[in-house]
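Okay, so here's the structure we're looking at.
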Amino acid sequence: MHTRKNMNKPNLKKSDLKLAKLILLEEIRQQDKLSMIPSENFTSKAVREAVGSVMMNKYSEGNIGKRYYEGNEFIDEIEQLAIDRARQAFNLPQNWGVNVQALSGSNANLASLLAVLNKDDLIMSMYLPDGGHLSHGWSYNPALKPDPQNLVFKEGTKEVHVVSKLFKIIQYKTDPKTQLFDYDKLEEIALKYKPRMIITGGTAYPREIDYKRMRQIADKVGALYLADVAHEAGLISAGVLSSPVSIADIVTMTTHKTLRCTRGAIILARNDLIEKINHAILPGLQGGPHNHNIAGIAAGLSEALKPEFKIYAKQVVKNAQILAEELKKYDFNLVSGGTDKHMILINMTNKGILGKKAARALDHAGIVANMNTMPQETRSPANPSALRLGTPVITTRGMKVKEMKQIAKWINEVIEIAKEYTNLEFDEFDERTAKDKKIKAIAIEVKKLCRKFPLAI
Ligand code: DSN
């Protein structure tokens with residue numbers, strides 16, 4: 001049982017009780033609620049021991065064997081371990097290399113683009129509201145009404161992300177009927193605009209991407225191809241989803257999502273590109289690597305190489321698919337009709353309650369999800385139409401089919417209860433759903449389920 005009494009941070013407790021208490025509260029929150037945000041996971045104690053170690057004290061600007069600081073003999077070995085394990089986890093051919101120094105997925109993407117493109121080169125990436133990512137060059141036009149029928153967006157005038165300030169961007173959308181990529185249409189767009197770089201991947205596309213078809217499209221226009229697999233990395237390394245390695249020119253990922261390492265990033269690229277990318281990371285973009293995170297990546301990858309991880313990754317997808325089917329029984333409208341991976345996107349417009357309020361009501365019931373935009377979105381990302389759910393954490397807890405069915409039932413119940421309050425302003429909605437007796441009763445049941453499947457804190 002996780003109580004204040006057995007709190008195991010005696011030093012922090014002594015020196016900074018306030019912070020120690022807040023961390024304890026976050027531990028209890030994670031333990032007692034179902035985290036269903038698809039980009040999150042829960043790391044092992046081993047990973048947390050590596051991250052919370054003396055590795056955080058060392059400067060090591062440079063690359064292995066070529067540092068600007070002394071005292072890096074063990075840091076070199078640890079970075080090499082992370083690289084070797086990444087090679088193994090992603091089955092890299094000899095002519096590909098690895099960088100584990102990028103501090104985040106956004107930095108990994110930015111460094112990769114800086115390494116291989118010139119200023120103002122044209123990038124073709126996925127439209128953010130359809131599930132792309134900010135770091136693929138988001139910009140928008142406040143004066144423009146979204147036009148779902150137009151499958152290209154190139155009118156972004158307000159450059160939000162630095163990638164859109166440095167490069168020209170056009171963004172492709174999913175097919176409005178199927179919410180899937182229409183690859184022939186993407187080819188048409190590429191042939192018309194002749195991008196220098198094509199990017200796939202993102203944060204809310206629940207289906208597999210056809211990397212080979214994207215390679216063909218890139219080849220037709222002489223473009224480079226970067227596949228961002230931040231969300232799918234663990235599923236790819238486990239062989240549950242197909243891999244873009246050896247197909248794309250560059251593959252980027254974060255390490256803390258389905259891959260279940262600490263926060264950080266990995267870049268995989270052909271040897272001729274990885275040298276340039278290493279240089280773009282340091283000195284181009286960053287200073288000293290975060291060695292504690294590199295140690296955490298090495299520890300997490302050693303777990304990802306074990307047979308149990310393959311079983312875990314398969315179950316992540318199975319759970320998401322079961323959850324999807326169960327939700328459909330309650331008339332939830334799933335974007336693209338389902339999922340191939342760890343994530344579900346629900347178009348909430350038929351439910352009389354949209355993403356922001358739905359996510360808050362679910363949180364009061366102990367189910368933590370996030371509001372999200374969706375294809376053909378007409379609303380702002382601050383109050384969008386959809387709700388995004390994922391299974392990486394609940395699968396780490398050991399939950400399976402039976403629990404997915406129960407969770408779908410609770411989600412439906414909470415949404416039905418919360419509907420009563422949907423016309424209230426958000427603050428009042430929040431207050432009323434927090435106090436609702438039926439939602440509170442579900443939260444108690446959720447907590448009981450969480451206690452049956454505890455996290456190893
Ligand atoms: N913020 C991440 C997500 O939630 O999908 C992507 O970077």
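Residue names in the structure tokens use chain letters A, B, ... in the order shown, residue numbers from 1 in each chain, and ligand numbers from 1 in the order shown.
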
Note to self: List the spatial neighbours of range 368-379 of chain A as an NGL selection string - criterion: any atom at most 8 Å away, only C-alpha atoms, same-chain residues fewer than 3 positions off excluded.
What the structure shows: :A and (33-37 or 129-131 or 145-148 or 173-174 or 176 or 179 or 204 or 335 or 345 or 347 or 355-356 or 358-359 or 362-363 or 383-390)

Next item on the list: Could I get the residue neighbourhood of ligand 1 at 7 Å, counting only C-alpha atoms and all ligand atoms, as a PyMOL selection string?
Entry: chain A and resi 38-39+105+133+203-204+231

Margin query: Taking 4 positions as the minimum chain separation for residues in the same chain, which residues sit within 10 Å of range 438-445 of chain A when counting only C-alpha atoms? Answer as a list in words.
Written below: Asp32, Lys33, Leu34, Ala361, Leu362, Asp363, His364, Ala365, Gly366, Ile367, Trp410, Ile411, Glu413, Val414, Ile415, Ile417, Ala418, Thr433, Ala434, Leu449, Cys450 and Arg451 of chain A

Each residue of range 333-416 of chain A lying at most 9 Å from range 306-315 of chain A should get a row with its shortest atom-to-atom pair and the distance in Å to one decimal, counting only C-alpha atoms; could you produce that, ordered by chain and increasing number, as a Markdown table?
| residue | atom | partner | partner_atom | distance |
| --- | --- | --- | --- | --- |
| A:His342 | CA | A:Ala313 | CA | 8.8 |
| A:Thr391 | CA | A:Gln315 | CA | 8.9 |
| A:Pro392 | CA | A:Ala313 | CA | 8.3 |
| A:Thr395 | CA | A:Gln315 | CA | 6.8 |
| A:Thr396 | CA | A:Tyr312 | CA | 7.2 |
| A:Gly398 | CA | A:Tyr312 | CA | 8.6 |
| A:Met399 | CA | A:Gln315 | CA | 8.9 |
| A:Lys400 | CA | A:Gln315 | CA | 7.4 |

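Residues in contact with Asn72 in chain A at 7 Å, where only C-alpha atoms are counted and same-chain residues fewer than 3 positions away are skipped, are listed as Ser60, Ile75 and Asp76 of chain A.
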
For the selection just defined, write its residues with N, CA and C atoms to a file, as a compact mmCIF listing (two decimals), in the first residue's frame.
# COMPACT_ATOMS: atom_id res chain seq x y z
N SER A 60 29.65 16.22 -20.94
CA SER A 60 30.34 15.36 -21.91
C SER A 60 30.11 15.84 -23.35
N ILE A 75 31.11 7.45 -19.10
CA ILE A 75 30.03 8.06 -19.90
C ILE A 75 30.11 7.51 -21.33
N ASP A 76 31.33 7.45 -21.86
CA ASP A 76 31.51 6.90 -23.22
C ASP A 76 30.94 5.48 -23.30

Check: What are the DSSP helix (DSSP H, G or I) residues of range 272-381 of chain A, as a PyMOL selection string?
Finding: chain A and resi 272-285+291-304+307-329+335-337+348-350+355-364

Item checked: Length of the CA of Val401 in chain A to CA of Glu40 in chain A vector [Å] ->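 The value is 20.3 Å.
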